[in-house]
Amino acid sequence: MRKLLFILSFSAIVTLPVFSQSNVTPDSRLSAVYSADYLNNLSVNNQKELQYLNWYLDNSYRIVEAGADKCSAMPYLEMIDPATKIITGNAESVDEGNFNILLYSFERQYDKKTYYRIGDTGYAIVFESYKKLAENFNIYQDEN
């Protein structure tokens with residue numbers, strides 16, 4: 001009887017964390033860059049990475065109105081072909097509602113923000129530093 005009770009207790013302890021984890025679904029924008037196999041693998045084997053990628057799509061930048069004068073000193077944000085990774089031209093505008101940061105070429109610094117202009121619109125995109133990005137994601141995880 002003790003053996004059966006031990007086995008039932010052990011199996012409950014082992015399976016409880018599995019059931020308590022929330023299932024993370026890949027954001028549809030990830031499929032523009034990553035294969036379905038890779039995203040499925042993350043769903044099964046590395047939900048934390050998938051959670052980060054989903055979070056990154058909306059939280060790794062800000063679009064601000066900077067004005068034409070300030071933007072003129074910034075480099076253009078460039079679009080890339082996701083398959084070839086070749087730059088295809090400057091981003092003339094962005095659709096904030098469906099923006100996919102993974103389709104653009106930019107550099108991010110370790111401890112300071114970087115700025116790129118969006119065409120000649122007077123808008124700029126601000127990329128948080130790697131350091132700030134990690135801090136923000138850790139805060140997000142603590143809250144969720």
# chains A, B, ... in the order shown; residues from 1 in each chain; ligands from 1

call {"tool": "residues_around", "arguments": {"residues": "segment 87-91 of chain A", "least_positions_apart": "6", "cutoff": "7 Å", "atoms": "only C-alpha atoms", "output": "number ranges by chain"}}
result
A: 76-81, 118-119

call {"tool": "write_last_selection", "arguments": {"atoms": "N, CA, C and O atoms", "output": "tab-separated table (two decimals), in the first residue's frame"}}
result
chain	number	residue	atom	x	y	z
A	76	TYR	N	18.52	55.12	-42.43
A	76	TYR	CA	17.22	54.58	-42.78
A	76	TYR	C	17.07	53.16	-42.22
A	76	TYR	O	18.02	52.38	-42.21
A	77	LEU	N	15.86	52.84	-41.79
A	77	LEU	CA	15.51	51.46	-41.46
A	77	LEU	C	15.39	50.72	-42.77
A	77	LEU	O	14.73	51.19	-43.70
A	78	GLU	N	16.05	49.56	-42.86
A	78	GLU	CA	16.05	48.81	-44.12
A	78	GLU	C	15.29	47.50	-43.97
A	78	GLU	O	15.35	46.84	-42.93
A	79	MET	N	14.58	47.15	-45.02
A	79	MET	CA	13.84	45.89	-45.07
A	79	MET	C	14.77	44.79	-45.57
A	79	MET	O	15.67	45.05	-46.36
A	80	ILE	N	14.52	43.57	-45.08
A	80	ILE	CA	15.30	42.43	-45.57
A	80	ILE	C	14.36	41.34	-46.06
A	80	ILE	O	13.23	41.21	-45.58
A	81	ASP	N	14.84	40.58	-47.01
A	81	ASP	CA	14.13	39.40	-47.47
A	81	ASP	C	14.37	38.31	-46.44
A	81	ASP	O	15.53	37.97	-46.17
A	118	ILE	N	12.25	56.22	-40.51
A	118	ILE	CA	11.32	55.45	-41.33
A	118	ILE	C	11.00	56.32	-42.54
A	118	ILE	O	10.19	57.25	-42.47
A	119	GLY	N	11.69	56.03	-43.62
A	119	GLY	CA	11.53	56.82	-44.84
A	119	GLY	C	11.75	58.29	-44.56
A	119	GLY	O	12.61	58.67	-43.77

call {"tool": "residues_around", "arguments": {"residues": "segment 127-135 of chain A", "least_positions_apart": "2", "cutoff": "7 Å", "atoms": "only C-alpha atoms", "output": "ChimeraX atom specification"}}
result
/A:60-62,108-115,125,137-139

call {"tool": "write_last_selection", "arguments": {"atoms": "all heavy atoms", "output": "compact mmCIF listing (two decimals), in the first residue's frame"}}
result
# COMPACT_ATOMS: atom_id res chain seq x y z
N SER A 60 10.32 45.29 -28.34
CA SER A 60 11.76 45.52 -28.50
C SER A 60 12.08 46.84 -29.19
O SER A 60 13.22 47.13 -29.49
CB SER A 60 12.39 44.38 -29.30
OG SER A 60 11.85 44.33 -30.60
N TYR A 61 11.05 47.65 -29.41
CA TYR A 61 11.22 48.92 -30.13
C TYR A 61 10.06 49.84 -29.78
O TYR A 61 9.05 49.42 -29.21
CB TYR A 61 11.23 48.68 -31.64
CG TYR A 61 9.90 48.15 -32.11
CD1 TYR A 61 8.89 49.02 -32.52
CD2 TYR A 61 9.63 46.79 -32.11
CE1 TYR A 61 7.66 48.54 -32.92
CE2 TYR A 61 8.40 46.30 -32.49
CZ TYR A 61 7.42 47.18 -32.90
OH TYR A 61 6.19 46.70 -33.27
N ARG A 62 10.22 51.10 -30.17
CA ARG A 62 9.14 52.08 -30.10
C ARG A 62 9.18 52.90 -31.37
O ARG A 62 10.26 53.21 -31.87
CB ARG A 62 9.31 53.04 -28.91
CG ARG A 62 8.99 52.44 -27.58
CD ARG A 62 9.17 53.43 -26.43
NE ARG A 62 10.56 53.93 -26.37
CZ ARG A 62 10.91 55.21 -26.47
NH1 ARG A 62 10.02 56.15 -26.62
NH2 ARG A 62 12.17 55.57 -26.41
N ARG A 108 21.60 46.69 -32.84
CA ARG A 108 21.20 47.00 -31.48
C ARG A 108 22.48 47.02 -30.64
O ARG A 108 23.33 46.16 -30.79
CB ARG A 108 20.24 45.92 -30.98
CG ARG A 108 19.58 46.23 -29.67
CD ARG A 108 18.67 45.10 -29.23
NE ARG A 108 17.57 44.83 -30.13
CZ ARG A 108 16.38 45.41 -30.08
NH1 ARG A 108 16.13 46.32 -29.18
NH2 ARG A 108 15.42 45.07 -30.93
N GLN A 109 22.61 47.98 -29.77
CA GLN A 109 23.81 48.12 -28.94
C GLN A 109 23.58 47.44 -27.59
O GLN A 109 22.44 47.25 -27.17
CB GLN A 109 24.12 49.59 -28.73
CG GLN A 109 24.26 50.35 -30.01
CD GLN A 109 25.65 50.81 -30.26
OE1 GLN A 109 26.46 50.86 -29.37
NE2 GLN A 109 25.92 51.18 -31.49
N TYR A 110 24.67 47.13 -26.90
CA TYR A 110 24.54 46.48 -25.60
C TYR A 110 23.89 47.39 -24.57
O TYR A 110 22.99 46.97 -23.85
CB TYR A 110 25.91 46.01 -25.08
CG TYR A 110 25.80 45.52 -23.66
CD1 TYR A 110 25.22 44.29 -23.38
CD2 TYR A 110 26.25 46.30 -22.59
CE1 TYR A 110 25.07 43.85 -22.08
CE2 TYR A 110 26.10 45.86 -21.29
CZ TYR A 110 25.52 44.63 -21.03
OH TYR A 110 25.36 44.20 -19.74
N ASP A 111 24.35 48.64 -24.47
CA ASP A 111 23.87 49.47 -23.37
C ASP A 111 23.35 50.85 -23.77
O ASP A 111 23.22 51.73 -22.94
CB ASP A 111 24.95 49.61 -22.30
CG ASP A 111 26.22 50.24 -22.84
OD1 ASP A 111 26.32 50.46 -24.04
OD2 ASP A 111 27.12 50.50 -22.02
N LYS A 112 23.04 51.04 -25.06
CA LYS A 112 22.40 52.29 -25.44
C LYS A 112 21.43 52.07 -26.60
O LYS A 112 21.58 51.13 -27.38
CB LYS A 112 23.42 53.38 -25.75
CG LYS A 112 24.16 53.25 -27.04
CD LYS A 112 25.12 54.44 -27.21
CE LYS A 112 25.47 54.61 -28.66
NZ LYS A 112 26.37 55.71 -28.91
N LYS A 113 20.45 52.96 -26.67
CA LYS A 113 19.43 52.87 -27.71
C LYS A 113 20.02 53.20 -29.07
O LYS A 113 20.99 53.93 -29.17
CB LYS A 113 18.30 53.85 -27.42
CG LYS A 113 17.55 53.59 -26.15
CD LYS A 113 16.53 54.67 -25.89
CE LYS A 113 15.85 54.43 -24.55
NZ LYS A 113 14.87 55.46 -24.23
N THR A 114 19.40 52.66 -30.11
CA THR A 114 19.75 53.03 -31.47
C THR A 114 18.49 53.55 -32.16
O THR A 114 17.37 53.15 -31.83
CB THR A 114 20.35 51.85 -32.26
OG1 THR A 114 19.45 50.74 -32.20
CG2 THR A 114 21.70 51.45 -31.72
N TYR A 115 18.69 54.45 -33.12
CA TYR A 115 17.59 55.13 -33.79
C TYR A 115 17.72 54.98 -35.29
O TYR A 115 18.82 55.12 -35.84
CB TYR A 115 17.60 56.63 -33.45
CG TYR A 115 17.54 56.92 -31.97
CD1 TYR A 115 18.68 56.90 -31.17
CD2 TYR A 115 16.32 57.24 -31.37
CE1 TYR A 115 18.61 57.17 -29.81
CE2 TYR A 115 16.25 57.52 -30.01
CZ TYR A 115 17.39 57.48 -29.24
OH TYR A 115 17.32 57.76 -27.90
N ILE A 125 12.23 54.84 -35.46
CA ILE A 125 12.07 53.66 -34.63
C ILE A 125 13.24 53.63 -33.66
O ILE A 125 14.38 53.87 -34.05
CB ILE A 125 11.97 52.38 -35.49
CG1 ILE A 125 11.63 51.17 -34.61
CG2 ILE A 125 13.20 52.13 -36.32
CD1 ILE A 125 11.11 49.98 -35.39
N PHE A 137 12.17 42.13 -20.33
CA PHE A 137 11.61 40.79 -20.46
C PHE A 137 11.53 40.10 -19.09
O PHE A 137 10.55 39.41 -18.80
CB PHE A 137 12.40 39.93 -21.45
CG PHE A 137 11.80 38.57 -21.66
CD1 PHE A 137 10.55 38.44 -22.26
CD2 PHE A 137 12.45 37.42 -21.23
CE1 PHE A 137 9.97 37.19 -22.44
CE2 PHE A 137 11.89 36.17 -21.42
CZ PHE A 137 10.64 36.05 -22.02
N ASN A 138 12.53 40.30 -18.26
CA ASN A 138 12.50 39.71 -16.91
C ASN A 138 11.33 40.28 -16.11
O ASN A 138 10.66 39.54 -15.38
CB ASN A 138 13.82 39.93 -16.19
CG ASN A 138 14.92 39.06 -16.75
OD1 ASN A 138 14.66 38.01 -17.32
ND2 ASN A 138 16.15 39.50 -16.60
N ILE A 139 11.08 41.57 -16.23
CA ILE A 139 9.94 42.18 -15.55
C ILE A 139 8.63 41.57 -16.07
O ILE A 139 7.74 41.22 -15.30
CB ILE A 139 9.95 43.72 -15.73
CG1 ILE A 139 11.10 44.33 -14.95
CG2 ILE A 139 8.62 44.33 -15.31
CD1 ILE A 139 11.38 45.79 -15.29

call {"tool": "select_by_dssp", "arguments": {"residues": "segment 64-127 of chain A", "states": "strand (DSSP E)", "output": "ChimeraX atom specification"}}
result
/A:64-65,78-80,87-90,104-105,114-118,123-127

call {"tool": "closest_residue", "arguments": {"among": "A:Tyr116, A:Glu49, A:Ala124, A:Tyr104", "to": "Met74 of chain A", "atoms": "only C-alpha atoms"}}
result
A:Tyr116

call {"tool": "select_by_dssp", "arguments": {"residues": "segment 3-119 of chain A", "states": "helix (DSSP H, G or I)", "output": "PyMOL selection string"}}
result
chain A and resi 3-20+28-32+36-45+47-59+68-71+96-98+101-103

call {"tool": "closest_residue", "arguments": {"among": "A:Ala68, A:Ala36, A:Ile63, A:Leu42", "to": "Asp95 of chain A", "atoms": "only C-alpha atoms"}}
result
A:Ile63

call {"tool": "atom_distance", "arguments": {"atom1": "atom CA of Ala66 of chain A", "atom2": "atom CA of Tyr123 of chain A"}}
result
5.5 Å

call {"tool": "closest_residue", "arguments": {"among": "A:Cys71, A:Ala83, A:Val64, A:Leu57", "to": "Tyr34 of chain A", "atoms": "only C-alpha atoms"}}
result
A:Ala83

call {"tool": "closest_residue", "arguments": {"among": "A:Pro82, A:Trp55, A:Ala32, A:Asp120", "to": "Asn136 of chain A", "atoms": "only C-alpha atoms"}}
result
A:Trp55

call {"tool": "atom_distance", "arguments": {"atom1": "atom CA of Glu143 of chain A", "atom2": "atom CA of Glu96 of chain A"}}
result
24.9 Å

call {"tool": "atom_distance", "arguments": {"atom1": "atom CA of Asp142 of chain A", "atom2": "atom CA of Val33 of chain A"}}
result
27.9 Å

call {"tool": "residues_around", "arguments": {"residues": "Leu53 of chain A", "least_positions_apart": "4", "cutoff": "10 Å", "atoms": "only C-alpha atoms", "output": "PyMOL selection string"}}
result
chain A and resi 26-27+30+47-49+57-60+102

call {"tool": "write_last_selection", "arguments": {"atoms": "N, CA, C and O atoms", "output": "mmCIF file, in the first residue's frame"}}
result
data_model
loop_
_atom_site.group_PDB
_atom_site.id
_atom_site.type_symbol
_atom_site.label_atom_id
_atom_site.label_comp_id
_atom_site.auth_asym_id
_atom_site.auth_seq_id
_atom_site.Cartn_x
_atom_site.Cartn_y
_atom_site.Cartn_z
ATOM 1 N N PRO A 26 2.761 30.280 -31.050
ATOM 2 C CA PRO A 26 3.576 31.220 -31.824
ATOM 3 C C PRO A 26 2.736 32.331 -32.450
ATOM 4 O O PRO A 26 1.671 32.083 -32.997
ATOM 5 N N ASP A 27 3.219 33.550 -32.353
ATOM 6 C CA ASP A 27 2.604 34.683 -33.036
ATOM 7 C C ASP A 27 2.706 34.414 -34.541
ATOM 8 O O ASP A 27 3.733 33.933 -35.026
ATOM 9 N N LEU A 30 5.801 35.289 -36.677
ATOM 10 C CA LEU A 30 7.032 34.490 -36.610
ATOM 11 C C LEU A 30 7.180 33.575 -37.827
ATOM 12 O O LEU A 30 8.293 33.271 -38.248
ATOM 13 N N GLN A 47 9.371 26.501 -24.562
ATOM 14 C CA GLN A 47 8.304 27.497 -24.505
ATOM 15 C C GLN A 47 8.809 28.859 -24.046
ATOM 16 O O GLN A 47 8.266 29.875 -24.444
ATOM 17 N N LYS A 48 9.854 28.883 -23.234
ATOM 18 C CA LYS A 48 10.386 30.168 -22.781
ATOM 19 C C LYS A 48 10.949 30.963 -23.968
ATOM 20 O O LYS A 48 10.736 32.164 -24.073
ATOM 21 N N GLU A 49 11.650 30.300 -24.862
ATOM 22 C CA GLU A 49 12.181 30.968 -26.060
ATOM 23 C C GLU A 49 11.039 31.471 -26.944
ATOM 24 O O GLU A 49 11.084 32.583 -27.463
ATOM 25 N N LEU A 57 8.439 40.709 -30.541
ATOM 26 C CA LEU A 57 7.766 41.304 -31.696
ATOM 27 C C LEU A 57 7.105 42.638 -31.377
ATOM 28 O O LEU A 57 7.026 43.512 -32.244
ATOM 29 N N ASP A 58 6.626 42.805 -30.161
ATOM 30 C CA ASP A 58 5.901 44.025 -29.801
ATOM 31 C C ASP A 58 6.605 44.900 -28.785
ATOM 32 O O ASP A 58 6.170 46.025 -28.549
ATOM 33 N N ASN A 59 7.680 44.416 -28.186
ATOM 34 C CA ASN A 59 8.262 45.130 -27.053
ATOM 35 C C ASN A 59 9.743 45.466 -27.184
ATOM 36 O O ASN A 59 10.357 45.917 -26.221
ATOM 37 N N SER A 60 10.321 45.286 -28.341
ATOM 38 C CA SER A 60 11.758 45.519 -28.502
ATOM 39 C C SER A 60 12.078 46.843 -29.194
ATOM 40 O O SER A 60 13.223 47.131 -29.494
ATOM 41 N N LEU A 102 11.148 41.508 -37.284
ATOM 42 C CA LEU A 102 12.078 40.500 -37.806
ATOM 43 C C LEU A 102 12.319 40.633 -39.305
ATOM 44 O O LEU A 102 13.189 39.970 -39.856
#
